[in-house]
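Containing compact mmCIF, C-alpha atoms: run-v4.txt.
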# COMPACT_ATOMS: atom_id res chain seq x y z
CA MET A 734 0.00 0.00 0.00
CA ASN A 735 1.39 3.41 -0.96
CA PHE A 736 1.30 6.45 1.32
CA PRO A 737 2.12 9.58 -0.71
CA GLY A 738 2.34 11.67 2.43
CA CYS A 739 5.04 9.43 3.87
CA LYS A 740 7.10 9.64 0.67
CA THR A 741 6.94 13.41 0.84
CA LEU A 742 8.04 13.38 4.50
CA ALA A 743 10.92 10.97 3.75
CA ALA A 744 12.14 13.16 0.92
CA PHE A 745 11.98 16.22 3.15
CA CYS A 746 13.97 14.44 5.90
CA ALA A 747 16.59 13.37 3.37
CA LEU A 748 17.12 17.00 2.46
CA LEU A 749 17.59 17.89 6.10
CA ILE A 750 20.35 15.33 6.80
CA PRO A 751 23.23 17.06 4.99
CA CYS A 752 22.13 20.40 6.37
CA GLU A 753 22.30 19.03 9.92
CA ALA A 754 25.77 17.64 9.25
CA GLN A 755 26.90 21.01 8.05
CA VAL A 756 25.62 22.62 11.23
CA LYS A 757 27.52 20.10 13.36
CA ASP A 758 30.79 20.57 11.45
CA LYS A 759 32.95 23.06 13.25
CA PRO A 760 34.96 25.48 11.11
CA VAL A 761 38.67 24.73 11.01
CA ARG A 762 40.63 27.18 13.14
CA PHE A 763 44.00 27.88 11.59
CA ARG A 764 46.75 28.96 13.99
CA LYS A 765 49.35 31.64 13.55
CA GLY A 766 52.63 31.64 15.41
CA LEU A 767 56.41 31.40 15.08
CA LEU A 768 58.77 28.80 13.64
CA PHE A 769 62.48 28.29 14.07
CA GLU A 770 63.79 28.09 10.51
CA SER A 771 67.10 27.62 8.76
CA LYS A 772 68.71 30.74 7.33
CA ILE A 773 69.27 28.83 4.07
CA GLU A 774 65.49 28.86 3.53
CA ASN A 775 65.87 32.63 3.04
CA PRO A 776 62.68 33.76 4.79
CA LYS A 777 61.69 37.34 4.01
CA VAL A 778 60.27 38.17 7.45
CA PHE A 779 62.17 37.02 10.54
CA SER A 780 63.79 37.87 13.84
CA ALA A 781 67.35 36.98 14.81
CA VAL A 782 67.94 34.44 17.59
CA GLU A 783 70.42 35.48 20.26
CA GLY A 784 73.75 33.82 19.54
CA GLY A 785 72.51 32.26 16.31
CA LYS A 786 74.22 32.42 12.94
CA LYS A 787 72.09 29.98 10.95
CA THR A 788 68.75 29.90 12.78
CA LEU A 789 65.95 32.47 12.56
CA LEU A 790 62.58 32.97 14.24
CA VAL A 791 59.96 33.28 11.53
CA PRO A 792 56.25 34.20 11.71
CA ALA A 793 54.02 31.65 9.98
CA TYR A 794 50.39 30.71 9.58
CA GLU A 795 48.50 27.50 8.94
CA TRP A 796 46.42 26.84 5.87
CA GLU A 797 44.80 23.78 4.27
CA TYR A 798 48.12 22.16 3.36
CA GLY A 799 50.37 22.90 6.33
CA VAL A 800 52.13 26.13 7.24
CA ARG A 801 53.37 29.10 5.25
CA VAL A 802 55.87 31.80 6.06
CA PHE A 803 55.28 35.36 4.94
CA THR A 804 56.53 37.35 2.03
CA LYS A 805 57.22 41.00 2.82
CA ALA A 806 54.02 41.94 1.00
CA SER A 807 51.78 39.44 2.82
CA TRP A 808 53.34 40.41 6.17
CA SER A 809 52.68 44.07 5.44
CA GLU A 810 49.03 43.21 4.77
CA THR A 811 48.72 41.87 8.34
CA GLY A 812 49.96 45.17 9.69
CA GLY A 813 53.21 43.62 10.90
CA GLU A 814 51.64 42.19 14.04
CA TRP A 815 54.82 40.67 15.49
CA ASN A 816 53.62 40.96 19.10
CA THR A 817 50.42 39.15 18.20
CA TYR A 818 52.34 36.32 16.58
CA LYS A 819 54.70 36.09 19.57
CA ALA A 820 51.78 35.90 22.00
CA ASN A 821 50.05 33.26 19.87
CA ALA A 822 53.31 31.32 19.53
CA VAL A 823 53.69 31.08 23.31
CA LEU A 824 50.11 29.83 23.68
CA ILE A 825 50.70 27.24 20.96
CA ALA A 826 53.99 26.21 22.58
CA ASP A 827 52.39 25.84 26.02
CA ALA A 828 49.65 23.63 24.56
CA ILE A 829 52.15 21.42 22.72
CA VAL A 830 54.33 20.95 25.83
CA ASP A 831 51.27 19.70 27.71
CA THR A 832 50.87 16.88 25.15
CA LEU A 833 54.53 15.87 24.76
CA LYS A 834 55.48 12.25 25.39
CA PRO A 835 59.29 12.13 25.29
CA GLU A 836 61.22 9.10 24.13
CA TRP A 837 63.95 8.55 26.73
CA ARG A 838 67.33 7.19 25.66
CA LYS A 839 69.29 5.55 28.47
CA ASP A 840 72.70 3.96 28.87
CA GLN A 841 73.34 0.40 30.07
CA ARG A 842 73.01 1.52 33.68
CA GLY A 843 69.58 3.01 33.04
CA VAL A 844 70.83 6.58 33.27
CA ILE A 845 69.09 8.98 30.86
CA ASN A 846 71.38 10.21 28.08
CA TYR A 847 68.85 12.33 26.20
CA ALA A 848 65.22 12.67 25.15
CA ILE A 849 63.59 12.88 21.73
CA LEU A 850 60.40 14.83 21.09
CA GLN A 851 58.50 14.04 17.90
CA SER A 852 55.26 15.41 16.53
CA GLU A 853 53.52 16.13 13.26
CA ASP A 854 52.59 19.55 14.62
CA PRO A 855 54.48 22.06 12.44
CA PHE A 856 54.90 24.34 15.46
CA LEU A 857 56.74 21.70 17.51
CA GLY A 858 59.99 23.68 17.48
CA SER A 859 58.28 26.62 19.11
CA VAL A 860 58.13 24.74 22.43
CA ILE A 861 61.44 26.45 23.25
CA LEU A 862 59.36 29.62 23.70
CA SER A 863 57.36 27.99 26.49
CA LYS A 864 58.46 28.26 30.13
CA LYS A 865 56.75 24.90 30.59
CA LEU A 866 59.43 23.08 28.58
CA HIS A 867 62.20 23.76 31.07
CA LYS A 868 59.93 22.86 34.00
CA LYS A 869 59.00 19.58 32.30
CA PHE A 870 62.60 18.40 31.93
CA LYS A 871 64.62 20.08 34.69
CA ASN A 872 64.21 17.16 37.10
CA GLU A 873 65.86 14.79 34.61
CA PHE A 874 68.38 17.16 33.02
CA GLY A 875 69.07 19.86 35.59
CA GLU A 876 68.94 23.63 35.30
CA ASN A 877 70.83 23.85 31.98
CA ILE A 878 69.50 21.91 28.99
CA HIS A 879 70.86 21.60 25.47
CA VAL A 880 68.23 21.60 22.73
CA ILE A 881 68.69 20.83 19.02
CA ILE A 882 65.95 21.06 16.35
CA PRO A 883 67.32 19.27 13.27
CA GLU A 884 63.91 19.24 11.57
CA ARG A 885 60.40 20.51 12.16
CA GLY A 886 59.10 17.25 13.57
CA THR A 887 62.00 16.34 15.86
CA ILE A 888 63.72 17.86 18.90
CA TYR A 889 66.63 16.49 20.94
CA LEU A 890 67.20 17.44 24.58
CA PHE A 891 70.42 16.73 26.50
CA PRO A 892 71.63 17.71 29.95
CA ALA A 893 74.16 20.51 29.47
CA GLU A 894 76.46 19.07 32.13
CA GLY A 895 78.25 15.74 31.80
CA GLY A 896 79.08 15.83 28.10
CA LYS A 897 76.05 13.74 27.14
CA LEU A 898 75.78 15.49 23.78
CA ASP A 899 79.33 14.46 22.82
CA GLY A 900 79.31 11.74 20.22
CA TYR A 901 75.75 12.29 18.98
CA GLY A 902 76.59 15.19 16.68
CA PRO A 903 77.16 13.12 13.51
CA SER A 904 73.85 11.25 13.75
CA ILE A 905 71.87 14.45 14.41
CA ILE A 906 73.64 16.22 11.54
CA LYS A 907 72.78 13.27 9.28
CA LYS A 908 69.11 13.62 10.23
CA PHE A 909 69.28 17.35 9.46
CA LYS A 910 70.83 16.76 6.03
CA GLU A 911 68.38 14.04 5.05
CA SER A 912 65.25 15.85 6.23
CA SER A 913 62.73 17.38 3.83
CA GLN A 914 62.06 20.07 6.46
CA PRO A 915 65.48 20.84 8.00
CA VAL A 916 65.74 23.48 10.71
CA SER A 917 69.14 23.75 12.41
CA ILE A 918 72.13 21.99 13.93
CA GLU A 919 72.86 24.95 16.19
CA VAL A 920 72.66 24.16 19.90
CA PHE A 921 70.25 26.05 22.14
CA LEU A 922 70.93 26.49 25.84
CA LEU A 923 67.60 26.40 27.68
CA THR A 924 67.35 27.66 31.26
CA SER A 925 64.57 28.83 33.56
CA THR A 926 65.10 32.38 32.29
CA GLY A 927 64.94 31.66 28.56
CA TYR A 928 67.12 30.43 25.71
CA GLU A 929 70.05 31.35 23.48
CA ILE A 930 72.17 29.64 20.86
CA ILE A 931 75.63 28.74 22.13
CA GLY A 932 77.24 26.83 19.25
CA GLU A 933 76.84 24.36 16.41
CA LEU A 934 77.19 20.60 16.13
CA GLU A 935 80.28 19.32 14.31
CA GLU A 936 80.87 16.07 12.46

Structure re-expressed in structure tokens:
Amino acid sequence: MNFPGCKTLAAFCALLIPCEAQVKDKPVRFRKGLLFESKIENPKVFSAVEGGKKTLLVPAYEWEYGVRVFTKASWSETGGEWNTYKANAVLIADAIVDTLKPEWRKDQRGVINYAILQSEDPFLGSVILSKKLHKKFKNEFGENIHVIIPERGTIYLFPAEGGKLDGYGPSIIKKFKESSQPVSIEVFLLTSTGYEIIGELEE
């Protein structure tokens, strides 16, 4: 038995389904912040890093296919909001630190040699801007921590005392050279008061 009224109602409900899905879909919120980038990438808008010769701090923004750095023209269109990007970068860094799950590398005695941080988040390197990073690792590494960012998705942390970094330079440099998104082989010194670059890894 056919019920024309039911067919009409079913057709009307079918039209509503995609509309409801569209209402439930939340708009993608693209972030804007700062990246540590290699000087060889020749970014057009950047800030120097204290002590650095090959590493720059570069404003960037997310879009559908990852992150982009600014041309001088596109940066000018934003009004040159460096303070805004710095503030956003710290918020992004704080949030990333909260989710970090370090991979600990230990010697035969079980003593920690270093830690590796890995993430697909393009702003991973910006965790150096967060005060939370030092707090998260000071119990294992002490007050002074060496940090190297060979590529966007990888960070190495070593205790500054004890020469733990000695001997790992070649393997980290190899990772830097083979990466499709290289950042730097310069060594950051991270303390409770901030960071600076103090040297460069050597083969």

>> Could you check the closest approach to Gly900 in chain A for each of A:Ile881, A:Leu934, A:Ala806, A:Leu862 and tell me which residue wins, using all atoms listed in the file?
In response: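 Result for the nearest residue to Gly900 in chain A: A:Leu934.
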
> Hey, can you check how far CA of Ser917 in chain A sits from CA of Lys787 in chain A?
Replying inline: 7.0 Å

Might you pull out every residue within 6 Å of range 768-773 of chain A, with only C-alpha atoms counted and same-chain residues fewer than 2 positions away left off, and present them as a PDB file with C-alpha atoms, keeping the file's coordinate frame?
ATOM      1  CA  ASN A 775      65.870  32.630   3.040  1.00  0.00           C
ATOM      2  CA  LYS A 787      72.090  29.980  10.950  1.00  0.00           C
ATOM      3  CA  THR A 788      68.750  29.900  12.780  1.00  0.00           C
ATOM      4  CA  LEU A 789      65.950  32.470  12.560  1.00  0.00           C
ATOM      5  CA  LEU A 790      62.580  32.970  14.240  1.00  0.00           C
ATOM      6  CA  VAL A 791      59.960  33.280  11.530  1.00  0.00           C
ATOM      7  CA  SER A 859      58.280  26.620  19.110  1.00  0.00           C
ATOM      8  CA  VAL A 916      65.740  23.480  10.710  1.00  0.00           C
ATOM      9  CA  SER A 917      69.140  23.750  12.410  1.00  0.00           C
TER      10      SER A 917
END

> To one decimal place, how far is CA of Ile845 in chain A from CA of Ala826 in chain A in Å?
Replying inline: 24.4 Å

> Of the candidates A:Ser809, A:Val920, A:Lys869, A:Tyr818, which shows the shortest atom-to-atom distance to Thr832 in chain A, using all atoms listed in the file?
Replying inline: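 Answer, going by the shortest atom-to-atom distance: A:Lys869.
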
> What lies within 9 Å of Phe856 in chain A using all atoms listed in the file, ignoring chain neighbours under 5 positions off, as a PyMOL selection string?
Replying inline: chain A and resi 766-769+800+822+825-826+829+885-886

> Near Thr811 in chain A, counting only C-alpha atoms, which residues have an atom at most 12 Å away, once you skip same-chain residues fewer than 6 positions from it, shown as a PyMOL selection string?
Replying inline: chain A and resi 765+792-794+803-805+817-818

>> To one decimal place in Å, what is the distance between CA of Asn877 in chain A and CA of Lys865 in chain A?
In response: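 Computing the Euclidean distance for CA of Asn877 in chain A and CA of Lys865 in chain A yields 14.2 Å.
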
>> Using only C-alpha atoms for the distances, tell me which of A:Ile906, A:Ala820, A:Ile849, A:Val782 is nearest to Leu833 in chain A.
In response: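 Counting only C-alpha atoms, the residue closest to Leu833 in chain A is A:Ile849.
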
>> Give me, as a PyMOL selection string, all polymer residues having an atom no more than 6 Å from range 922-929 of chain A, counting all atoms listed in the file and skipping those fewer than 2 positions away in the same chain.
In response: chain A and resi 783-784+876-879

> Which one is closest to Glu797 in chain A: A:Tyr847, A:Tyr889, A:Phe763, A:Phe921? Count only C-alpha atoms.
Replying inline: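 So, comparing all the options, the nearest one is A:Phe763.
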
> So which residues fall inside 7 Å of (53.5, 24.8, 30.8) if we count only C-alpha atoms? Mind giving them as a list in words?
Replying inline: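 With a cut-off of 7 Å, the residues come to Asp827, Val830, Asp831, Ser863, Lys864, Lys865 and Leu866 of chain A.
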
Dump C-alpha atoms for the selected residues as a JSON list (two decimals), keeping the file's coordinate frame?
[["chain", "number", "residue", "atom", "x", "y", "z"],
["A", 827, "ASP", "CA", 52.39, 25.84, 26.02],
["A", 830, "VAL", "CA", 54.33, 20.95, 25.83],
["A", 831, "ASP", "CA", 51.27, 19.70, 27.71],
["A", 863, "SER", "CA", 57.36, 27.99, 26.49],
["A", 864, "LYS", "CA", 58.46, 28.26, 30.13],
["A", 865, "LYS", "CA", 56.75, 24.90, 30.59],
["A", 866, "LEU", "CA", 59.43, 23.08, 28.58]]

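Between Gly875 in chain A and the residues A:Gly932, A:Gly813, A:Gly799, A:Pro892, the shortest atom-to-atom distance, using only C-alpha atoms, involves A:Pro892.
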
Is there a way to complete range 763-781 of chain A with N, CA and C atoms and then write that out as a CSV table (one decimal), in the frame of the given file?
chain,number,residue,atom,x,y,z
A,763,PHE,N,42.6,27.9,11.9
A,763,PHE,CA,44.0,27.9,11.6
A,763,PHE,C,44.8,28.7,12.6
A,764,ARG,N,45.9,28.3,13.0
A,764,ARG,CA,46.8,29.0,14.0
A,764,ARG,C,47.8,29.8,13.3
A,765,LYS,N,48.2,30.8,14.0
A,765,LYS,CA,49.4,31.6,13.6
A,765,LYS,C,50.3,31.8,14.7
A,766,GLY,N,51.6,31.6,14.4
A,766,GLY,CA,52.6,31.6,15.4
A,766,GLY,C,54.0,31.8,14.8
A,767,LEU,N,55.0,31.2,15.5
A,767,LEU,CA,56.4,31.4,15.1
A,767,LEU,C,57.1,30.0,14.9
A,768,LEU,N,58.0,30.0,13.9
A,768,LEU,CA,58.8,28.8,13.6
A,768,LEU,C,60.2,29.1,13.8
A,769,PHE,N,61.0,28.2,14.2
A,769,PHE,CA,62.5,28.3,14.1
A,769,PHE,C,62.8,27.7,12.7
A,770,GLU,N,63.5,28.5,11.9
A,770,GLU,CA,63.8,28.1,10.5
A,770,GLU,C,65.3,28.3,10.2
A,771,SER,N,65.7,27.5,9.2
A,771,SER,CA,67.1,27.6,8.8
A,771,SER,C,67.3,28.9,7.9
A,772,LYS,N,68.4,29.5,8.1
A,772,LYS,CA,68.7,30.7,7.3
A,772,LYS,C,68.8,30.4,5.8
A,773,ILE,N,69.1,29.2,5.5
A,773,ILE,CA,69.3,28.8,4.1
A,773,ILE,C,67.9,28.8,3.4
A,774,GLU,N,66.8,28.8,4.1
A,774,GLU,CA,65.5,28.9,3.5
A,774,GLU,C,65.2,30.3,3.1
A,775,ASN,N,66.0,31.2,3.5
A,775,ASN,CA,65.9,32.6,3.0
A,775,ASN,C,64.5,33.2,3.3
A,776,PRO,N,64.0,33.1,4.5
A,776,PRO,CA,62.7,33.8,4.8
A,776,PRO,C,62.8,35.3,4.7
A,777,LYS,N,61.7,35.9,4.2
A,777,LYS,CA,61.7,37.3,4.0
A,777,LYS,C,61.3,38.1,5.3
A,778,VAL,N,60.6,37.5,6.2
A,778,VAL,CA,60.3,38.2,7.4
A,778,VAL,C,60.8,37.3,8.6
A,779,PHE,N,61.6,37.8,9.5
A,779,PHE,CA,62.2,37.0,10.5
A,779,PHE,C,62.7,37.9,11.7
A,780,SER,N,63.1,37.2,12.7
A,780,SER,CA,63.8,37.9,13.8
A,780,SER,C,65.0,37.0,14.1
A,781,ALA,N,66.1,37.7,14.5
A,781,ALA,CA,67.4,37.0,14.8
A,781,ALA,C,67.2,36.3,16.1
